[in-house]
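Shown here: start.txt, compact mmCIF, C-alpha atoms and all ligand atoms.
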```txt
# COMPACT_ATOMS: atom_id res chain seq x y z
CA MET D 958 80.91 100.04 167.27
CA SER D 959 80.88 103.53 165.93
CA ILE D 960 81.04 103.92 162.19
CA PRO D 961 84.48 104.81 160.82
CA GLU D 962 84.50 107.99 158.77
CA HIS D 963 85.89 107.88 155.25
CA ARG D 964 84.76 111.25 154.03
CA ALA D 965 84.58 114.46 155.97
CA PRO D 966 82.14 115.95 156.31
CA ALA D 967 79.91 112.89 155.86
CA ALA D 968 77.39 113.40 153.05
CA SER D 969 73.83 112.34 153.90
CA GLY D 970 72.15 109.50 152.01
CA THR D 971 69.83 111.91 150.25
CA ASP D 972 72.92 113.78 148.99
CA THR D 973 74.68 110.69 147.65
CA PHE D 974 71.70 108.86 146.14
CA GLY D 975 71.43 110.90 142.92
CA GLY D 976 75.09 110.62 141.96
CA MET D 977 75.08 106.85 142.36
CA TRP D 978 71.81 106.58 140.48
CA ARG D 979 73.13 108.53 137.49
CA GLU D 980 76.35 106.51 137.40
CA LEU D 981 74.44 103.27 137.15
CA LEU D 982 71.89 104.48 134.56
CA PRO D 983 73.91 103.95 131.35
CA ILE D 984 75.12 100.43 132.26
CA GLY D 985 73.37 97.74 130.23
CA ARG D 986 70.90 100.16 128.70
CA HIS D 987 69.69 99.11 125.23
CA ALA D 988 69.42 102.39 123.34
CA PRO D 989 66.74 101.40 120.76
CA THR D 990 64.24 100.41 123.49
CA GLY D 991 65.51 102.46 126.43
CA GLY D 992 65.24 99.27 128.49
CA TYR D 993 67.90 97.39 130.44
CA ARG D 994 69.50 94.12 129.37
CA ARG D 995 71.55 93.29 132.43
CA TYR D 996 71.55 89.50 132.27
CA ALA D 997 73.49 87.27 134.63
CA TRP D 998 77.16 86.76 133.82
CA THR D 999 77.16 89.02 130.73
CA PRO D 1000 79.37 92.09 130.17
CA ALA D 1001 76.54 94.39 131.39
CA ASP D 1002 76.24 92.34 134.57
CA ARG D 1003 80.02 92.46 135.00
CA ASP D 1004 79.92 96.28 134.75
CA CYS D 1005 77.12 96.49 137.34
CA ARG D 1006 79.09 94.24 139.65
CA ALA D 1007 82.26 96.30 139.19
CA TRP D 1008 80.22 99.38 140.06
CA PHE D 1009 78.98 97.74 143.26
CA GLN D 1010 82.49 96.76 144.30
CA ASP D 1011 83.75 100.30 143.62
CA GLN D 1012 80.96 101.78 145.73
CA ALA D 1013 81.68 99.38 148.59
CA GLU D 1014 85.39 100.10 148.53
CA ALA D 1015 84.90 103.86 148.22
CA ARG D 1016 83.01 103.65 151.52
CA GLY D 1017 85.68 101.57 153.20
CA LEU D 1018 83.25 98.63 153.49
CA ASN D 1019 84.66 95.11 153.49
CA TYR D 1020 83.84 93.70 150.08
CA GLU D 1021 83.47 90.03 149.17
CA THR D 1022 81.87 87.83 146.51
CA ASP D 1023 80.41 84.65 147.94
CA ARG D 1024 80.63 81.17 146.40
CA ASN D 1025 77.32 81.68 144.60
CA GLY D 1026 78.31 84.96 142.99
CA ASN D 1027 76.40 87.25 145.37
CA GLN D 1028 78.28 90.42 146.30
CA TRP D 1029 78.52 91.65 149.89
CA ALA D 1030 79.76 94.86 151.50
CA TRP D 1031 80.18 94.87 155.28
CA LEU D 1032 80.29 97.52 157.91
CA GLY D 1033 81.54 95.76 161.00
CA ASP D 1034 82.63 92.12 161.17
CA PRO D 1035 79.94 89.68 160.02
CA ALA D 1036 81.60 86.98 162.13
CA ALA D 1037 80.14 88.78 165.17
CA GLY D 1038 76.76 87.39 164.06
CA ASP D 1039 73.19 88.68 164.26
CA ALA D 1040 73.96 90.97 161.32
CA VAL D 1041 71.37 93.25 159.74
CA VAL D 1042 71.52 92.94 155.95
CA THR D 1043 69.87 94.99 153.24
CA GLY D 1044 70.13 95.00 149.46
CA SER D 1045 68.52 93.69 146.31
CA HIS D 1046 69.77 92.92 142.77
CA LEU D 1047 71.26 94.75 139.78
CA ASP D 1048 70.28 92.36 136.97
CA SER D 1049 67.19 92.97 134.84
CA VAL D 1050 64.46 91.30 132.81
CA PRO D 1051 64.70 91.80 129.01
CA ASP D 1052 64.22 95.53 128.43
CA GLY D 1053 63.49 96.07 132.09
CA GLY D 1054 63.26 99.36 133.94
CA ALA D 1055 65.91 101.19 135.91
CA PHE D 1056 64.32 100.69 139.34
CA ASP D 1057 63.53 96.99 139.82
CA GLY D 1058 66.53 95.85 141.81
CA PRO D 1059 68.92 98.81 141.53
CA LEU D 1060 66.69 100.98 143.71
CA GLY D 1061 67.25 98.58 146.61
CA VAL D 1062 71.01 98.42 146.10
CA VAL D 1063 71.55 102.16 145.62
CA SER D 1064 69.24 102.93 148.55
CA ALA D 1065 71.19 100.49 150.72
CA LEU D 1066 74.47 102.28 149.97
CA ALA D 1067 72.81 105.67 150.49
CA ALA D 1068 71.32 104.44 153.78
CA VAL D 1069 74.84 103.59 155.01
CA ASP D 1070 75.88 107.16 154.10
CA GLU D 1071 72.84 108.44 155.93
CA LEU D 1072 73.67 106.44 159.06
CA ARG D 1073 77.24 107.77 158.95
CA ALA D 1074 75.99 111.34 158.58
CA ARG D 1075 73.74 110.76 161.59
CA GLY D 1076 76.67 109.35 163.58
CA ALA D 1077 74.60 106.23 164.27
CA ASP D 1078 76.09 103.87 166.83
CA LEU D 1079 75.76 100.39 165.34
CA ARG D 1080 75.62 97.46 167.77
CA ARG D 1081 75.32 94.82 165.03
CA PRO D 1082 77.25 94.25 161.77
CA LEU D 1083 75.52 95.84 158.78
CA GLY D 1084 75.70 94.19 155.36
CA ILE D 1085 74.73 95.24 151.86
CA VAL D 1086 74.11 92.52 149.31
CA ASN D 1087 73.72 92.43 145.54
CA PHE D 1088 72.16 89.05 144.78
CA GLY D 1089 73.21 87.43 141.51
CA ASP D 1090 70.77 86.42 138.76
CA GLU D 1091 67.56 87.48 140.51
CA GLU D 1092 65.38 87.89 137.42
CA GLY D 1093 66.32 84.61 135.74
CA ALA D 1094 66.19 86.39 132.37
CA ARG D 1095 69.01 84.35 130.89
CA PHE D 1096 68.72 80.88 132.44
CA GLY D 1097 64.96 80.78 133.06
CA LEU D 1098 64.99 80.40 136.83
CA ALA D 1099 64.59 83.43 139.10
CA CYS D 1100 66.61 84.12 142.26
CA VAL D 1101 69.43 81.68 141.47
CA GLY D 1102 71.91 83.43 143.79
CA SER D 1103 69.65 83.43 146.83
CA ARG D 1104 68.13 80.00 146.07
CA LEU D 1105 71.60 78.42 145.95
CA THR D 1106 72.63 80.13 149.18
CA ALA D 1107 69.45 79.05 150.96
CA GLY D 1108 69.70 75.48 149.63
CA GLN D 1109 66.55 75.76 147.55
CA LEU D 1110 68.38 74.85 144.35
CA THR D 1111 71.10 72.22 144.18
CA ALA D 1112 74.48 73.07 142.70
CA GLU D 1113 73.97 70.37 140.08
CA GLN D 1114 70.59 71.76 138.99
CA ALA D 1115 72.04 75.26 138.80
CA ARG D 1116 75.12 74.28 136.81
CA GLY D 1117 72.93 72.53 134.24
CA LEU D 1118 70.62 75.50 133.57
CA ARG D 1119 70.95 76.63 129.94
CA ASP D 1120 70.41 79.93 128.19
CA ALA D 1121 68.84 80.34 124.73
CA ASP D 1122 72.19 79.67 123.05
CA GLY D 1123 72.72 76.43 124.94
CA THR D 1124 75.38 77.87 127.25
CA THR D 1125 75.12 76.36 130.70
CA LEU D 1126 75.19 78.46 133.84
CA ALA D 1127 78.42 76.69 134.77
CA GLN D 1128 80.04 77.76 131.48
CA ALA D 1129 78.75 81.32 131.80
CA MET D 1130 80.05 81.60 135.36
CA GLU D 1131 83.42 80.22 134.36
CA ARG D 1132 83.75 82.64 131.44
CA ALA D 1133 82.97 85.49 133.85
CA GLY D 1134 85.77 84.33 136.13
CA HIS D 1135 83.61 82.67 138.81
CA ASP D 1136 84.23 79.06 139.84
CA PRO D 1137 81.04 77.02 139.25
CA ALA D 1138 82.44 74.10 141.25
CA ALA D 1139 82.15 76.17 144.44
CA ILE D 1140 78.43 76.97 144.27
CA GLY D 1141 75.94 75.49 146.73
CA PRO D 1142 74.20 76.00 150.08
CA ASP D 1143 75.87 78.48 152.42
CA PRO D 1144 74.31 77.92 155.86
CA GLU D 1145 77.33 79.40 157.69
CA ARG D 1146 76.77 82.73 155.94
CA LEU D 1147 73.06 82.73 156.64
CA ALA D 1148 73.63 81.80 160.28
CA ARG D 1149 75.43 85.12 160.81
CA ILE D 1150 72.44 87.15 159.62
CA GLY D 1151 69.77 88.19 162.11
CA ALA D 1152 67.49 90.07 159.72
CA PHE D 1153 67.26 90.86 156.01
CA VAL D 1154 65.37 93.90 154.69
CA GLU D 1155 64.97 94.42 150.92
CA LEU D 1156 63.82 97.78 149.61
CA HIS D 1157 62.16 97.54 146.20
CA VAL D 1158 60.18 99.70 143.82
CA GLU D 1159 56.49 98.84 144.15
CA GLN D 1160 55.23 96.82 141.20
CA GLY D 1161 51.63 97.88 141.44
CA ARG D 1162 49.70 100.98 142.42
CA ALA D 1163 48.61 100.28 145.98
CA LEU D 1164 50.80 103.05 147.49
CA ASP D 1165 49.63 105.51 144.86
CA GLN D 1166 46.17 105.23 146.42
CA THR D 1167 47.62 106.38 149.76
CA SER D 1168 49.56 109.41 150.99
CA HIS D 1169 52.58 107.20 151.77
CA ALA D 1170 55.78 107.04 149.69
CA VAL D 1171 56.93 103.86 151.45
CA GLY D 1172 55.07 100.71 152.48
CA VAL D 1173 55.92 97.40 154.16
CA ALA D 1174 55.29 94.00 152.52
CA SER D 1175 52.90 91.53 154.13
CA ALA D 1176 53.23 88.55 151.78
CA ILE D 1177 54.28 87.43 148.31
CA TRP D 1178 51.68 85.53 146.33
CA PRO D 1179 52.63 81.97 145.37
CA HIS D 1180 53.77 81.87 141.76
CA GLY D 1181 55.34 79.66 139.13
CA ARG D 1182 56.32 79.12 135.51
CA TRP D 1183 54.92 76.41 133.26
CA ARG D 1184 56.07 75.51 129.73
CA PHE D 1185 53.40 74.51 127.22
CA ASP D 1186 54.72 72.52 124.21
CA PHE D 1187 52.23 72.27 121.33
CA HIS D 1188 53.31 69.75 118.64
CA GLY D 1189 51.62 69.87 115.23
CA GLU D 1190 52.79 69.37 111.67
CA ALA D 1191 54.91 71.76 109.60
CA ASN D 1192 53.49 72.38 106.15
CA HIS D 1193 53.19 74.91 103.33
CA ALA D 1194 51.12 78.00 104.17
CA GLY D 1195 50.09 78.35 100.52
CA THR D 1196 49.13 74.82 99.54
CA THR D 1197 47.79 73.10 102.66
CA ARG D 1198 44.00 73.19 102.90
CA LEU D 1199 42.71 74.58 106.20
CA ALA D 1200 40.94 71.30 106.88
CA ASP D 1201 44.18 69.35 106.48
CA ARG D 1202 46.24 71.39 108.90
CA ARG D 1203 47.54 70.46 112.33
CA ASP D 1204 48.51 73.96 113.37
CA PRO D 1205 49.94 74.22 116.92
CA MET D 1206 49.62 78.02 116.79
CA LEU D 1207 45.83 77.66 117.04
CA GLY D 1208 46.05 75.45 120.10
CA TYR D 1209 48.43 77.95 121.67
CA ALA D 1210 46.29 80.97 120.77
CA GLY D 1211 43.18 79.35 122.26
CA THR D 1212 45.14 78.60 125.44
CA VAL D 1213 46.38 82.18 125.79
CA LEU D 1214 42.83 83.54 125.62
CA ALA D 1215 41.55 80.85 127.99
CA ALA D 1216 44.30 81.62 130.52
CA ARG D 1217 43.28 85.25 130.60
CA GLU D 1218 39.63 84.36 131.17
CA GLN D 1219 40.41 81.77 133.86
CA ALA D 1220 42.67 84.23 135.69
CA ARG D 1221 39.82 86.75 135.75
CA VAL D 1222 37.41 84.12 137.10
CA PHE D 1223 39.84 83.13 139.91
CA GLY D 1224 40.87 86.68 140.87
CA ALA D 1225 44.46 85.75 140.00
CA LEU D 1226 47.04 86.39 137.27
CA ALA D 1227 48.09 84.35 134.23
CA THR D 1228 50.45 85.60 131.54
CA PHE D 1229 51.98 84.09 128.43
CA GLY D 1230 54.87 86.52 127.89
CA LYS D 1231 57.29 84.36 125.92
CA VAL D 1232 56.75 82.18 122.89
CA ASP D 1233 59.07 80.19 120.65
CA VAL D 1234 57.81 79.05 117.24
CA ARG D 1235 59.54 76.35 115.16
CA PRO D 1236 60.55 76.47 112.37
CA GLY D 1237 59.41 80.12 112.41
CA GLY D 1238 58.79 80.76 108.71
CA VAL D 1239 56.25 83.37 107.61
CA ASN D 1240 55.05 81.07 104.81
CA ALA D 1241 55.02 77.88 106.88
CA ILE D 1242 52.60 76.34 109.31
CA ALA D 1243 54.50 75.84 112.55
CA ALA D 1244 55.60 72.39 113.66
CA GLU D 1245 55.94 73.39 117.26
CA VAL D 1246 54.88 76.27 119.49
CA ARG D 1247 56.37 76.55 122.94
CA GLY D 1248 54.78 79.11 125.27
CA TRP D 1249 55.63 79.97 128.86
CA LEU D 1250 52.90 80.65 131.40
CA ASP D 1251 53.59 82.77 134.46
CA SER D 1252 50.80 82.47 137.00
CA ARG D 1253 50.23 83.92 140.48
CA ALA D 1254 47.37 83.81 142.96
CA PRO D 1255 46.61 84.90 146.53
CA ASP D 1256 46.99 81.32 147.81
CA GLU D 1257 48.44 78.02 146.64
CA GLU D 1258 45.13 76.20 146.29
CA THR D 1259 43.78 78.89 143.97
CA LEU D 1260 46.97 78.82 141.93
CA ALA D 1261 46.87 75.03 141.54
CA THR D 1262 43.21 75.12 140.53
CA LEU D 1263 43.81 77.94 138.06
CA VAL D 1264 46.79 76.26 136.38
CA GLY D 1265 44.86 72.96 136.26
CA ALA D 1266 42.01 74.77 134.49
CA ILE D 1267 44.41 76.34 131.98
CA GLU D 1268 45.98 72.92 131.31
CA ARG D 1269 42.56 71.42 130.59
CA GLU D 1270 41.79 74.28 128.21
CA ALA D 1271 45.13 73.72 126.47
CA VAL D 1272 44.36 70.01 125.95
CA GLU D 1273 40.94 70.87 124.58
CA HIS D 1274 42.16 73.59 122.20
CA ALA D 1275 45.03 71.40 121.03
CA SER D 1276 42.95 68.30 120.39
CA ARG D 1277 40.47 70.35 118.36
CA GLU D 1278 43.34 71.07 115.96
CA GLY D 1279 44.86 67.58 115.96
CA VAL D 1280 47.76 68.92 117.98
CA GLU D 1281 49.43 67.40 121.05
CA VAL D 1282 50.31 69.43 124.11
CA ARG D 1283 52.63 68.70 126.99
CA VAL D 1284 52.87 70.89 130.08
CA THR D 1285 56.01 71.06 132.24
CA ARG D 1286 56.26 72.98 135.50
CA GLU D 1287 59.60 74.77 135.38
CA SER D 1288 59.48 76.49 138.73
CA PHE D 1289 57.21 77.06 141.70
CA THR D 1290 57.52 79.35 144.69
CA PRO D 1291 55.12 78.85 147.59
CA VAL D 1292 53.33 81.70 149.32
CA VAL D 1293 55.66 83.82 151.45
CA GLU D 1294 54.38 85.37 154.64
CA PHE D 1295 57.01 87.80 155.87
CA ALA D 1296 57.91 87.50 159.56
CA HIS D 1297 55.05 89.26 161.33
CA GLY D 1298 57.16 90.56 164.21
CA LEU D 1299 59.73 92.17 161.92
CA ARG D 1300 57.05 93.45 159.55
CA ASP D 1301 55.12 95.13 162.36
CA ARG D 1302 58.32 96.54 163.85
CA LEU D 1303 59.22 98.13 160.52
CA ALA D 1304 55.76 99.59 160.08
CA GLY D 1305 56.11 101.04 163.60
CA LEU D 1306 59.60 102.44 162.93
CA LEU D 1307 58.12 104.16 159.88
CA GLY D 1308 55.26 105.74 161.77
CA GLY D 1309 52.50 103.43 160.62
CA ALA D 1310 53.45 102.74 157.00
CA PRO D 1311 50.83 100.76 155.07
CA ILE D 1312 51.27 96.96 154.86
CA LEU D 1313 50.64 95.45 151.42
CA PRO D 1314 50.90 92.11 149.58
CA THR D 1315 52.63 91.69 146.23
CA GLY D 1316 52.46 89.32 143.29
CA ALA D 1317 56.16 89.64 142.48
CA GLY D 1318 58.88 87.25 143.65
CA HIS D 1319 62.04 88.55 145.35
CA ASP D 1320 65.24 87.32 146.97
CA ALA D 1321 63.62 88.39 150.25
CA GLY D 1322 60.94 85.80 149.57
CA ILE D 1323 63.54 83.05 149.13
CA LEU D 1324 65.41 84.08 152.29
CA SER D 1325 62.24 84.31 154.35
CA ALA D 1326 62.28 80.50 154.55
CA VAL D 1327 65.52 80.65 156.57
CA LEU D 1328 65.72 84.16 158.08
CA PRO D 1329 63.51 86.87 159.57
CA THR D 1330 62.93 88.89 156.41
CA ALA D 1331 61.01 92.03 155.50
CA MET D 1332 60.50 94.29 152.50
CA LEU D 1333 59.93 97.99 151.96
CA PHE D 1334 58.17 99.21 148.82
CA VAL D 1335 58.69 102.66 147.28
CA ARG D 1336 55.70 104.19 145.53
CA ASN D 1337 55.45 103.72 141.77
CA PRO D 1338 52.85 106.17 140.43
CA THR D 1339 51.92 104.17 137.31
CA GLY D 1340 52.51 100.72 138.77
CA VAL D 1341 54.43 99.81 135.59
CA SER D 1342 57.34 97.44 136.14
CA HIS D 1343 59.55 95.14 134.03
CA SER D 1344 59.39 97.85 131.36
CA PRO D 1345 61.43 100.94 130.44
CA HIS D 1346 58.44 102.99 131.74
CA GLU D 1347 58.98 101.79 135.31
CA HIS D 1348 59.27 104.89 137.48
CA ALA D 1349 59.47 106.31 140.98
CA ASP D 1350 59.72 110.02 141.71
CA GLU D 1351 63.05 111.18 143.09
CA ALA D 1352 61.39 112.56 146.21
CA ASP D 1353 59.89 109.12 146.89
CA CYS D 1354 63.26 107.42 146.29
CA LEU D 1355 64.83 109.77 148.84
CA ALA D 1356 61.99 109.04 151.25
CA GLY D 1357 62.87 105.37 150.70
CA VAL D 1358 66.51 106.04 151.64
CA ILE D 1359 65.45 107.75 154.86
CA ALA D 1360 62.95 105.00 155.65
CA LEU D 1361 65.58 102.32 155.07
CA ALA D 1362 68.10 104.20 157.23
CA ASP D 1363 65.46 104.52 159.98
CA VAL D 1364 64.76 100.82 159.81
CA LEU D 1365 68.44 99.83 159.81
CA GLU D 1366 69.13 102.19 162.68
CA GLY D 1367 66.19 100.76 164.59
CA LEU D 1368 67.36 97.18 164.00
CA ALA D 1369 71.12 97.60 164.31
CA CYS D 1370 71.53 100.28 166.94
CA ARG D 1371 69.21 99.23 169.76
ZN ZN D 1401 63.39 92.93 141.67
```
Just give me the structure of the file as structure tokens.
Ligand SMILES: [Zn+2]
Amino acid sequence: MSIPEHRAPAASGTDTFGGMWRELLPIGRHAPTGGYRRYAWTPADRDCRAWFQDQAEARGLNYETDRNGNQWAWLGDPAAGDAVVTGSHLDSVPDGGAFDGPLGVVSALAAVDELRARGADLRRPLGIVNFGDEEGARFGLACVGSRLTAGQLTAEQARGLRDADGTTLAQAMERAGHDPAAIGPDPERLARIGAFVELHVEQGRALDQTSHAVGVASAIWPHGRWRFDFHGEANHAGTTRLADRRDPMLGYAGTVLAAREQARVFGALATFGKVDVRPGGVNAIAAEVRGWLDSRAPDEETLATLVGAIEREAVEHASREGVEVRVTRESFTPVVEFAHGLRDRLAGLLGGAPILPTGAGHDAGILSAVLPTAMLFVRNPTGVSHSPHEHADEADCLAGVIALADVLEGLACR
């Protein structure tokens, strides 16, 4: 099918990228930190989603929200099957950067503009997706939208997820006008997709060491989240002798330092980035410290060994202080090897782009279990991500748009 024109003359993707980018920038931005707080099913998320729908409709794309709250924009009829889909997510981590997620969505829309400007002759339906709740910032589990769709999370598990205020995902969805009773696996939708390509800002500095603005992903390291609950005894900070204390903060602190050292030994990553202290008084010894470990490694065996070592250290540090510790695995994502054929084809379409692994999870990683899936990374000169300092140069973003358009043209037109 040839692509219907909605604007004449058709603006190229590199012309339209900047305008879209600037429109999205103020949404969900927390002025005091400069970071983004676009959490699933909040007003900021609603505004991002409205923006996506507007962009889809302005292009004459067929817009739909699926049962799991993912947004889709279609060029051509997806019922024809073997569709090529691209996209990413618009939600953020707490005080996240502007690029993680939105770069893939804005680039996808710009790539459609680019293909129109080229007069590309699409032989397969082309879809753009904005996956819901990718970061898991509010309900603690990443990639909820894609996991539900792919059947990697049951509807019941999803509905019962709770945010820090005790609101369940089901309640949050309902308040945002989405029916939580309808969520669940969507094999019919996935069966119509022949390939999924997610463009994403790089979350490391591998491309910065090369002359390439765009790279292709080889694999995603296995990763998971573990909750460490240290139980001690609340008491007065001014009257309790040091020898009489059962201070869970000490067990936690020892575990944090041990995790860092073990990660170094294993050539892997371990991070305690979130902690909850009860009762949380400055003049009180804590009764309970709850810390969350995020850990990632090149392979699953290394990850299991590393987390086992950190658990043993936690038990040792806790028992030294008369404190009990319980460890709960909250999530785990196995290693993802992206489809080699598709990966190599993309690298070829991009004239020999470098192929790199990543430690970060993505919707593309979830979908790779059920679909041929690939990722493109856009150079990030500092490697900083999940922070307001996350950055990619505009020239590299535009190179990403062109690369994505080349890839989509290669996959959908021949
Ligand atoms: Zn992301």
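Using all atoms listed in the file, the set of residues no farther than 12 Å from the position (77.0, 104.6, 135.5) comprises Gly975, Gly976, Met977, Trp978, Arg979, Glu980, Leu981, Leu982, Pro983, Ile984, Gly985, Arg986, Ala1001, Asp1004, Cys1005, Arg1006, Ala1007, Trp1008, Phe1009, Asp1011, Gln1012, Ala1055, Pro1059 and Val1063 of chain D.
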| request: Let me have all residues with an atom within 9 Å of ligand ZN 1401 (chain D), counting all atoms listed in the file, laid out as a list in words. | output: Ser1045, His1046, Leu1047, Asp1048, Ser1049, Phe1056, Asp1057, Gly1058, Pro1059, Leu1060, Gly1061, Glu1091, Glu1092, His1157, Val1158, Ala1317, Gly1318, His1319, Asp1320 and His1343 of chain D
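The coordinates place CA of Arg1024 (chain D) at 5.6 Å from CA of Ala1139 (chain D).
Taking all atoms listed in the file into account, Glu1071 (chain D) lies nearest to D:Leu1361 out of the set D:Leu1260, D:Ala1170, D:Leu1032, D:Leu1361.
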| field | Polymer residues at most 9 Å from region 1327-1333 of chain D, all atoms listed in the file, same-chain spacing of 6 or more positions, as a list in words | value | Ala1107, Leu1147, Ala1148, Ile1150, Gly1151, Ala1152, Phe1153, Val1154, Glu1155, Leu1156, His1157, Val1158, Glu1159, Val1171, Gly1172, Val1173, Ala1174, Ser1175, Phe1295, Ala1296, His1297, Gly1298, Leu1299, Arg1300, Leu1303, Ala1321, Gly1357, Ala1360 and Leu1361 of chain D
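The coordinates place CA of Val1341 (chain D) at 18.5 Å from CA of His987 (chain D).
Closest to Glu1245 (chain D) among D:Arg1217, D:Arg1203, D:Arg1277, D:His1188 is D:His1188, based on all atoms listed in the file.
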| message | Just the number, please: distance in Å from CA of Ala1040 (chain D) to CA of Ala1369 (chain D), one decimal. | response | 7.8 Å
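Among the candidate residues D:Ser1288, D:Ser1103, D:Ser1252, D:Gln1010, the one lying nearest to Gly1322 (chain D) is D:Ser1103, with distances computed using only C-alpha atoms.
Summary of the local environment: counting all atoms listed in the file, residues at most 6 Å from region 1112-1123 of chain D, other than itself and those fewer than 3 positions away along its chain, are Arg1095, Phe1096, Leu1126, Ala1127, Ile1140 and Gly1141 of chain D.
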| message | Which residues are near Glu1268 (chain D)? Cut-off 10 Å, all atoms listed in the file, ignore same chain within fewer than 6 positions. Put them as a PyMOL selection string. | response | chain D and resi 1183+1185+1212+1215-1216+1262+1274+1282-1284
| remark: With distances taken over all atoms listed in the file, the candidate from D:Glu1278, D:Asp1039, D:Glu1021, D:Asp1165 nearest Val1335 (chain D) is D:Asp1165
| query | So which residues are close to (81.2, 93.0, 161.2), meaning at most 9 Å away in the file's coordinates with only C-alpha atoms counted, and can you show them as a VMD selection string? | reply | chain D and resid 1019 1031 to 1038 1040 1081 to 1084
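Among the candidates D:Val1041, D:Ala1129, D:Ala1099, D:Val1293, the residue lying nearest to Thr999 (chain D) is D:Ala1129 (atoms considered: all atoms listed in the file).
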Please, could N, CA and C atoms be added to region 1181-1194 of chain D and the result written as a PDB file, keeping the file's coordinate frame?
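Just written: result-v4.pdb:
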```pdb
ATOM      1  N   GLY D1181      54.529  80.655 139.824  1.00  0.00           N
ATOM      2  CA  GLY D1181      55.340  79.660 139.130  1.00  0.00           C
ATOM      3  C   GLY D1181      55.356  79.883 137.634  1.00  0.00           C
ATOM      4  N   ARG D1182      56.198  79.070 136.965  1.00  0.00           N
ATOM      5  CA  ARG D1182      56.320  79.120 135.510  1.00  0.00           C
ATOM      6  C   ARG D1182      56.067  77.722 134.945  1.00  0.00           C
ATOM      7  N   TRP D1183      55.240  77.674 133.917  1.00  0.00           N
ATOM      8  CA  TRP D1183      54.920  76.410 133.260  1.00  0.00           C
ATOM      9  C   TRP D1183      55.200  76.541 131.759  1.00  0.00           C
ATOM     10  N   ARG D1184      55.808  75.487 131.173  1.00  0.00           N
ATOM     11  CA  ARG D1184      56.070  75.510 129.730  1.00  0.00           C
ATOM     12  C   ARG D1184      55.042  74.646 129.012  1.00  0.00           C
ATOM     13  N   PHE D1185      54.411  75.211 128.012  1.00  0.00           N
ATOM     14  CA  PHE D1185      53.400  74.510 127.220  1.00  0.00           C
ATOM     15  C   PHE D1185      54.006  74.212 125.846  1.00  0.00           C
ATOM     16  N   ASP D1186      54.177  72.917 125.521  1.00  0.00           N
ATOM     17  CA  ASP D1186      54.720  72.520 124.210  1.00  0.00           C
ATOM     18  C   ASP D1186      53.583  71.977 123.345  1.00  0.00           C
ATOM     19  N   PHE D1187      53.257  72.702 122.279  1.00  0.00           N
ATOM     20  CA  PHE D1187      52.230  72.270 121.330  1.00  0.00           C
ATOM     21  C   PHE D1187      52.930  71.694 120.098  1.00  0.00           C
ATOM     22  N   HIS D1188      52.672  70.407 119.798  1.00  0.00           N
ATOM     23  CA  HIS D1188      53.310  69.750 118.640  1.00  0.00           C
ATOM     24  C   HIS D1188      52.270  69.526 117.553  1.00  0.00           C
ATOM     25  N   GLY D1189      52.520  70.081 116.366  1.00  0.00           N
ATOM     26  CA  GLY D1189      51.620  69.870 115.230  1.00  0.00           C
ATOM     27  C   GLY D1189      52.413  69.353 114.051  1.00  0.00           C
ATOM     28  N   GLU D1190      52.110  69.864 112.874  1.00  0.00           N
ATOM     29  CA  GLU D1190      52.790  69.370 111.670  1.00  0.00           C
ATOM     30  C   GLU D1190      53.160  70.557 110.794  1.00  0.00           C
ATOM     31  N   ALA D1191      54.452  70.681 110.486  1.00  0.00           N
ATOM     32  CA  ALA D1191      54.910  71.760 109.600  1.00  0.00           C
ATOM     33  C   ALA D1191      54.391  71.487 108.193  1.00  0.00           C
ATOM     34  N   ASN D1192      53.972  72.561 107.524  1.00  0.00           N
ATOM     35  CA  ASN D1192      53.490  72.380 106.150  1.00  0.00           C
ATOM     36  C   ASN D1192      53.478  73.733 105.458  1.00  0.00           C
ATOM     37  N   HIS D1193      53.143  73.706 104.171  1.00  0.00           N
ATOM     38  CA  HIS D1193      53.190  74.910 103.330  1.00  0.00           C
ATOM     39  C   HIS D1193      51.968  75.800 103.611  1.00  0.00           C
ATOM     40  N   ALA D1194      52.225  77.073 103.865  1.00  0.00           N
ATOM     41  CA  ALA D1194      51.120  78.000 104.170  1.00  0.00           C
ATOM     42  C   ALA D1194      50.267  78.282 102.934  1.00  0.00           C
TER      43      ALA D1194
END
```
